$ cat start_6.cif   # mmCIF, C-alpha atoms
data_target
#
loop_
_atom_site.label_atom_id
_atom_site.label_comp_id
_atom_site.auth_asym_id
_atom_site.auth_seq_id
_atom_site.Cartn_x
_atom_site.Cartn_y
_atom_site.Cartn_z
CA MET A 488 180.80 23.40 9.12
CA LEU A 489 177.65 25.38 8.30
CA LYS A 490 175.61 22.85 10.27
CA GLU A 491 177.84 23.32 13.33
CA LEU A 492 177.60 27.11 13.04
CA SER A 493 173.80 27.04 12.85
CA GLU A 494 173.67 24.75 15.89
CA LEU A 495 176.03 27.09 17.72
CA ALA A 496 173.67 29.99 16.96
CA ARG A 497 170.78 28.07 18.53
CA TYR A 498 172.78 27.69 21.75
CA ARG A 499 173.81 31.37 21.92
CA GLU A 500 171.96 31.80 25.22
CA LEU A 501 174.07 29.06 26.81
CA LEU A 502 177.18 30.74 25.41
CA LEU A 503 176.15 34.07 26.95
CA ASN A 504 175.45 32.41 30.31
CA LEU A 505 178.88 30.76 30.33
CA VAL A 506 180.60 34.07 29.54
CA VAL A 507 178.70 35.86 32.32
CA ARG A 508 179.39 32.97 34.71
CA ASP A 509 183.11 33.11 34.00
CA LEU A 510 183.18 36.86 34.58
CA LYS A 511 181.32 36.50 37.89
CA VAL A 512 183.27 33.50 39.21
CA ARG A 513 186.66 34.98 38.35
CA TYR A 514 186.27 37.80 40.86
CA LYS A 515 183.81 36.30 43.30
CA ASN A 516 184.20 37.80 46.79
CA SER A 517 186.77 40.26 45.42
CA ILE A 518 186.54 43.92 46.37
CA LEU A 519 188.51 45.32 43.43
CA GLY A 520 187.04 42.86 40.90
CA PHE A 521 188.08 43.65 37.33
CA PHE A 522 191.02 45.78 38.41
CA TRP A 523 192.84 42.65 39.56
CA SER A 524 193.11 41.67 35.88
CA LEU A 525 194.98 44.93 35.33
CA ALA A 526 197.20 44.67 38.40
CA ASN A 527 199.54 42.02 36.98
CA PRO A 528 200.19 43.64 33.57
CA LEU A 529 200.50 47.13 35.11
CA LEU A 530 203.03 45.97 37.68
CA GLN A 531 205.03 44.11 35.03
CA VAL A 532 204.95 47.15 32.74
CA ALA A 533 206.15 49.36 35.60
CA VAL A 534 209.07 47.05 36.40
CA ILE A 535 210.07 46.55 32.75
CA THR A 536 209.83 50.29 32.11
CA PHE A 537 212.11 51.03 35.06
CA VAL A 538 214.67 48.46 33.93
CA MET A 539 214.62 49.58 30.30
CA ARG A 540 214.73 53.31 31.05
CA LYS A 541 217.08 53.35 34.01
CA VAL A 542 219.27 50.27 33.50
CA MET A 543 219.27 49.52 29.77
CA ILE A 544 218.50 53.13 28.77
CA ALA A 545 215.81 52.54 26.12
CA ASP A 546 215.77 55.48 23.69
CA VAL A 547 211.98 55.62 23.44
CA PRO A 548 209.82 58.56 24.59
CA ASN A 549 206.89 57.47 26.78
CA TYR A 550 208.23 53.93 26.68
CA SER A 551 205.60 52.73 29.16
CA ALA A 552 202.83 53.57 26.65
CA TYR A 553 204.54 51.55 23.90
CA LEU A 554 205.08 48.67 26.28
CA LEU A 555 201.51 48.70 27.61
CA CYS A 556 200.10 49.01 24.07
CA ALA A 557 201.59 45.61 23.19
CA PHE A 558 201.30 44.08 26.66
CA LEU A 559 197.49 44.32 26.83
CA PRO A 560 196.75 42.40 23.59
CA TRP A 561 199.47 39.93 24.54
CA THR A 562 197.79 39.35 27.91
CA PHE A 563 194.47 38.79 26.14
CA PHE A 564 196.05 36.15 23.92
CA GLN A 565 198.06 34.50 26.70
CA MET A 566 195.19 34.24 29.19
CA SER A 567 192.74 33.05 26.52
CA VAL A 568 195.03 30.21 25.42
CA LEU A 569 195.91 29.13 28.95
CA ASP A 570 192.29 29.23 30.16
CA ALA A 571 190.99 27.50 27.03
CA SER A 572 193.49 24.65 27.37
CA SER A 573 191.56 23.35 30.41
CA SER A 574 188.07 24.51 29.42
CA VAL A 575 186.76 21.11 28.31
CA LEU A 576 188.33 19.23 31.23
CA PHE A 577 186.98 21.78 33.71
CA HIS A 578 183.43 21.18 32.42
CA GLY A 579 183.88 17.41 32.23
CA ASN A 580 180.68 16.57 34.09
CA LEU A 581 178.66 18.86 31.84
CA VAL A 582 180.22 17.33 28.73
CA LYS A 583 179.42 13.77 29.85
CA LYS A 584 175.83 14.43 30.92
CA THR A 585 174.42 17.16 28.66
CA TYR A 586 174.11 17.63 24.92
CA PHE A 587 175.33 20.99 23.62
CA PRO A 588 177.89 22.16 21.04
CA ARG A 589 181.20 21.50 22.78
CA GLU A 590 182.89 24.42 21.00
CA ILE A 591 180.90 26.75 23.23
CA LEU A 592 183.40 26.04 26.03
CA PRO A 593 186.57 27.50 24.45
CA ILE A 594 184.52 30.24 22.75
CA SER A 595 183.11 31.40 26.10
CA ILE A 596 186.61 31.51 27.59
CA VAL A 597 187.97 33.66 24.77
CA LEU A 598 184.96 35.99 24.85
CA SER A 599 185.20 36.52 28.61
CA ASN A 600 188.88 37.43 28.20
CA LEU A 601 187.90 39.72 25.34
CA VAL A 602 185.63 41.64 27.72
CA HIS A 603 188.59 42.19 30.06
CA PHE A 604 190.75 43.24 27.12
CA ILE A 605 188.24 45.84 25.97
CA LEU A 606 187.90 47.24 29.50
CA ALA A 607 191.70 47.37 29.77
CA LEU A 608 191.87 49.28 26.48
CA GLY A 609 189.54 51.86 28.00
CA ILE A 610 191.99 52.35 30.87
CA PHE A 611 194.83 52.53 28.32
CA PHE A 612 193.17 55.39 26.45
CA ILE A 613 192.74 57.27 29.72
CA TYR A 614 196.46 56.75 30.35
CA LEU A 615 197.25 58.15 26.89
CA GLN A 616 195.31 61.29 27.72
CA VAL A 617 197.26 61.66 30.97
CA LEU A 618 200.48 61.49 28.90
CA GLY A 619 199.11 64.13 26.55
CA THR A 620 198.94 61.84 23.52
CA PRO A 621 196.94 63.45 20.69
CA VAL A 622 193.79 61.78 19.37
CA LEU A 623 194.67 60.02 16.11
CA ILE A 624 192.38 59.20 13.17
CA THR A 625 194.01 55.75 13.08
CA TRP A 626 192.24 54.91 16.34
CA LEU A 627 189.22 54.11 14.16
CA MET A 628 191.13 51.04 12.95
CA LEU A 629 191.18 49.54 16.46
CA PRO A 630 188.06 47.35 15.95
CA VAL A 631 189.73 45.80 12.88
CA LEU A 632 192.78 44.81 14.94
CA VAL A 633 190.62 43.42 17.75
CA ILE A 634 188.57 41.30 15.32
CA ILE A 635 191.69 39.94 13.61
CA GLN A 636 193.27 39.07 16.96
CA LEU A 637 190.00 37.53 18.15
CA LEU A 638 189.96 35.22 15.11
CA PHE A 639 193.58 34.21 15.64
CA THR A 640 193.11 33.66 19.38
CA MET A 641 189.92 31.68 18.84
CA GLY A 642 191.66 29.38 16.37
CA VAL A 643 194.53 28.65 18.74
CA ALA A 644 192.05 28.15 21.60
CA PHE A 645 190.17 25.52 19.56
CA PHE A 646 193.37 23.58 18.93
CA VAL A 647 194.71 23.62 22.51
CA SER A 648 191.34 22.94 24.20
CA CYS A 649 190.75 19.92 21.96
CA LEU A 650 194.26 18.48 22.12
CA ASN A 651 194.43 18.87 25.90
CA VAL A 652 191.52 16.43 26.28
CA PHE A 653 193.66 13.69 24.70
CA TYR A 654 197.12 14.85 25.83
CA GLU A 655 197.18 16.80 29.09
CA ASP A 656 200.79 17.75 28.38
CA ILE A 657 199.39 20.39 26.04
CA LYS A 658 198.58 22.84 28.85
CA TYR A 659 202.14 22.56 30.16
CA LEU A 660 203.57 22.86 26.66
CA ALA A 661 201.40 25.94 26.06
CA THR A 662 202.81 27.56 29.22
CA VAL A 663 206.38 26.97 28.05
CA VAL A 664 205.72 28.17 24.49
CA LEU A 665 203.95 31.31 25.70
CA SER A 666 206.85 32.10 28.03
CA LEU A 667 209.25 31.89 25.09
CA LEU A 668 206.96 33.88 22.80
CA PHE A 669 206.97 36.77 25.24
CA PHE A 670 210.62 37.39 24.43
CA MET A 671 210.32 36.58 20.72
CA LEU A 672 207.46 39.00 20.03
CA PRO A 673 207.75 42.82 19.86
CA ILE A 674 206.52 43.45 23.40
CA MET A 675 209.54 44.78 25.31
CA TYR A 676 211.19 46.01 22.13
CA LEU A 677 209.96 47.69 18.94
CA VAL A 678 209.87 46.33 15.42
CA GLU A 679 212.19 49.20 14.43
CA GLN A 680 214.90 47.50 16.43
CA ILE A 681 214.43 44.39 14.29
CA HIS A 682 214.98 46.58 11.23
CA ASN A 683 218.11 48.00 12.86
CA TYR A 684 219.41 44.49 13.40
CA ALA A 685 218.53 43.54 9.82
CA ALA A 686 220.72 46.40 8.62
CA THR A 687 223.75 44.63 10.15
CA ILE A 688 223.34 41.41 8.13
CA PRO A 689 224.01 40.86 4.39
CA ALA A 690 221.43 42.64 2.22
CA VAL A 691 220.34 39.43 0.51
CA TYR A 692 219.00 38.05 3.81
CA ARG A 693 217.23 41.20 5.05
CA PRO A 694 213.88 40.72 3.23
CA TRP A 695 213.74 37.13 4.46
CA LEU A 696 214.31 38.18 8.06
CA ILE A 697 211.72 40.96 8.05
CA GLY A 698 209.22 38.95 6.00
CA SER A 699 209.42 35.86 8.20
CA TYR A 700 209.04 38.03 11.29
CA TYR A 701 205.90 39.70 9.93
CA LEU A 702 204.40 36.40 8.76
CA ASN A 703 203.65 35.60 12.40
CA PRO A 704 200.19 37.23 12.78
CA LEU A 705 200.79 37.96 16.44
CA SER A 706 204.08 39.77 15.75
CA PHE A 707 202.46 42.01 13.20
CA LEU A 708 199.31 42.60 15.25
CA LEU A 709 201.29 43.79 18.28
CA THR A 710 203.21 46.12 15.97
CA ALA A 711 199.97 47.32 14.35
CA TYR A 712 198.48 48.24 17.74
CA ARG A 713 201.45 50.52 18.36
CA LYS A 714 201.40 52.02 14.86
CA LEU A 715 197.70 52.82 14.94
CA LEU A 716 197.25 53.88 18.57
CA LEU A 717 200.49 55.78 19.25
CA PRO A 718 202.19 58.63 17.39
CA ALA A 719 205.30 57.96 15.30
CA PHE A 720 208.68 59.10 16.61
CA ASN A 721 212.30 59.23 15.55
CA THR A 722 215.36 59.26 17.79
CA ALA A 723 219.09 59.07 17.29
CA THR A 724 219.00 55.26 17.31
CA ILE A 725 215.43 54.39 16.24
CA GLN A 726 213.85 55.50 12.97
CA ASP A 727 210.09 55.01 12.60
CA VAL A 728 208.92 52.26 10.23
CA SER A 729 205.50 52.79 8.65
CA LEU A 730 202.73 50.21 8.99
CA ASN A 731 202.50 47.93 5.96
CA TYR A 732 198.78 47.45 5.27
CA TRP A 733 199.47 44.52 2.95
CA TYR A 734 200.87 42.62 5.90
CA LEU A 735 197.83 43.68 7.94
CA ALA A 736 195.56 42.17 5.27
CA LEU A 737 197.73 39.03 5.27
CA ALA A 738 197.45 38.81 9.06
CA GLY A 739 193.66 39.05 8.72
CA VAL A 740 193.47 36.27 6.13
CA THR A 741 195.89 34.07 8.09
CA SER A 742 193.95 34.58 11.32
CA LEU A 743 190.66 33.69 9.60
CA LEU A 744 192.17 30.50 8.16
CA ILE A 745 193.60 29.52 11.56
CA CYS A 746 190.21 30.11 13.18
CA LEU A 747 188.41 27.99 10.57
CA ALA A 748 191.05 25.25 10.77
CA GLY A 749 190.85 25.20 14.58
CA TYR A 750 187.05 25.09 14.47
CA ALA A 751 187.07 22.21 11.97
CA PHE A 752 189.70 20.33 13.99
CA PHE A 753 187.71 20.76 17.21
CA ASN A 754 184.45 19.64 15.61
CA SER A 755 186.07 16.55 14.10
CA ARG A 756 186.92 15.27 17.58
CA LYS A 757 184.43 16.85 19.98
CA TRP A 758 182.01 13.91 20.20
CA SER A 759 184.77 11.64 21.52
CA PHE A 760 185.48 13.93 24.47
CA ALA A 761 183.09 12.10 26.83
CA GLU A 762 185.05 8.87 26.35
CA ARG A 763 188.28 10.58 27.39
CA LEU A 764 186.96 12.38 30.47
#

$ encode --input "start_6.cif" --output "structure tokens"
Amino acid sequence: MLKELSELARYRELLLNLVVRDLKVRYKNSILGFFWSLANPLLQVAVITFVMRKVMIADVPNYSAYLLCAFLPWTFFQMSVLDASSSVLFHGNLVKKTYFPREILPISIVLSNLVHFILALGIFFIYLQVLGTPVLITWLMLPVLVIIQLLFTMGVAFFVSCLNVFYEDIKYLATVVLSLLFFMLPIMYLVEQIHNYAATIPAVYRPWLIGSYYLNPLSFLLTAYRKLLLPAFNTATIQDVSLNYWYLALAGVTSLLICLAGYAFFNSRKWSFAERL
């Protein structure tokens, strides 16, 4: 693996060019450019907020901020996985004719989506100021969350981009799984509501329910974004649950292992790509 990493470092200029190319091509001939990447999540957040506040009566102050806080990292993960699934196939001619580390392709896709995510976070912080949200010391932890999510996303991207070369069903399967994950992850709801549900089941099963839920790195990361970027609150039906930093450390270790496993899996099969394209 060290050999592959050193080779990847030698081709860093190619990686940078692919990231810049993806950013330019994505909004070529577009007047609004980057803001189109925000249009979809903002419109979805607006609709979900209206439904939850006016129809389902969500007992959460500034619910749109809590929704957007989880929606932006979810969009980064979703778009990275979907784009990466076709990254090798899209560059098929380049793969068959030119020598370069093939892992550059999914890496460039994830990094270009990371740029959009960081820009979107800048807009999010402006929105927080409009809402009058106080500046929190926990905001300094944001780079840690972004790095952990980047590792997790990169690992998944390695797996799907490689497997899709051999089984093109993977990109369709990824779409279905991501659609289901949207409802399974704490995006439209809060982790406190999971704790409320856990209180209704026998006590012996509660630690298993909460623990298994937090063992999904993405579930805990979305919760951590909310805990670190937004102030705590308590209502008649929702009592704040503090961030467990042990689970955050576990999410970091798990994400690193997934990234390394994905990288090793990709490298073990990358030189047979040309035969499949």

$ resolve_selection --input "start_6.cif" --expression "the PyMOL selection byres ((chain A and resi 728) around 10)" --output "VMD selection string"
chain A and resid 677 to 680 682 714 719 to 721 725 to 727 729 to 731

$ residues_near_point --input "start_6.cif" --point "(192.7, 40.7, 7.2)" --cutoff "12 Å" --atoms "all atoms listed in the file" --output "PDB file with C-alpha atoms, in the coordinates of the input"
ATOM      1  CA  MET A 628     191.130  51.040  12.950  1.00  0.00           C
ATOM      2  CA  PRO A 630     188.060  47.350  15.950  1.00  0.00           C
ATOM      3  CA  VAL A 631     189.730  45.800  12.880  1.00  0.00           C
ATOM      4  CA  LEU A 632     192.780  44.810  14.940  1.00  0.00           C
ATOM      5  CA  VAL A 633     190.620  43.420  17.750  1.00  0.00           C
ATOM      6  CA  ILE A 634     188.570  41.300  15.320  1.00  0.00           C
ATOM      7  CA  ILE A 635     191.690  39.940  13.610  1.00  0.00           C
ATOM      8  CA  GLN A 636     193.270  39.070  16.960  1.00  0.00           C
ATOM      9  CA  LEU A 637     190.000  37.530  18.150  1.00  0.00           C
ATOM     10  CA  LEU A 638     189.960  35.220  15.110  1.00  0.00           C
ATOM     11  CA  PHE A 639     193.580  34.210  15.640  1.00  0.00           C
ATOM     12  CA  PRO A 704     200.190  37.230  12.780  1.00  0.00           C
ATOM     13  CA  PHE A 707     202.460  42.010  13.200  1.00  0.00           C
ATOM     14  CA  LEU A 708     199.310  42.600  15.250  1.00  0.00           C
ATOM     15  CA  TYR A 732     198.780  47.450   5.270  1.00  0.00           C
ATOM     16  CA  TRP A 733     199.470  44.520   2.950  1.00  0.00           C
ATOM     17  CA  TYR A 734     200.870  42.620   5.900  1.00  0.00           C
ATOM     18  CA  LEU A 735     197.830  43.680   7.940  1.00  0.00           C
ATOM     19  CA  ALA A 736     195.560  42.170   5.270  1.00  0.00           C
ATOM     20  CA  LEU A 737     197.730  39.030   5.270  1.00  0.00           C
ATOM     21  CA  ALA A 738     197.450  38.810   9.060  1.00  0.00           C
ATOM     22  CA  GLY A 739     193.660  39.050   8.720  1.00  0.00           C
ATOM     23  CA  VAL A 740     193.470  36.270   6.130  1.00  0.00           C
ATOM     24  CA  THR A 741     195.890  34.070   8.090  1.00  0.00           C
ATOM     25  CA  SER A 742     193.950  34.580  11.320  1.00  0.00           C
ATOM     26  CA  LEU A 743     190.660  33.690   9.600  1.00  0.00           C
ATOM     27  CA  LEU A 744     192.170  30.500   8.160  1.00  0.00           C
TER      28      LEU A 744
END

$ atom_distance --input "start_6.cif" --atom1 "CA of Asp656 in chain A" --atom2 "CA of Leu592 in chain A"
19.4 Å

$ atom_distance --input "start_6.cif" --atom1 "CA of Val622 in chain A" --atom2 "CA of Arg713 in chain A"
13.7 Å

$ closest_residue --input "start_6.cif" --among "A:Phe670, A:Trp758, A:Phe587, A:Tyr712" --to "Ala496 in chain A" --atoms "all atoms listed in the file"
A:Phe587

$ closest_atom_pairs --input "start_6.cif" --of "range 609-710 of chain A" --to "range 594-598 of chain A" --cutoff "8 Å" --atoms "all atoms listed in the file" --output "JSON lines"
{"residue": "A:Leu637", "atom": "CA", "partner": "A:Val597", "partner_atom": "CA", "distance": 7.9}
{"residue": "A:Thr640", "atom": "CA", "partner": "A:Val597", "partner_atom": "CA", "distance": 7.4}
{"residue": "A:Met641", "atom": "CA", "partner": "A:Val597", "partner_atom": "CA", "distance": 6.5}
{"residue": "A:Ala644", "atom": "CA", "partner": "A:Val597", "partner_atom": "CA", "distance": 7.6}

$ resolve_selection --input "start_6.cif" --expression "the PyMOL selection byres ((chain A and resi 676) around 10)" --output "list in words"
Met539, Ala545, Val547, Tyr550, Tyr553, Leu554, Ala557, Phe670, Met671, Leu672, Pro673, Ile674, Met675, Leu677, Val678, Glu679, Gln680 and Ile681 of chain A
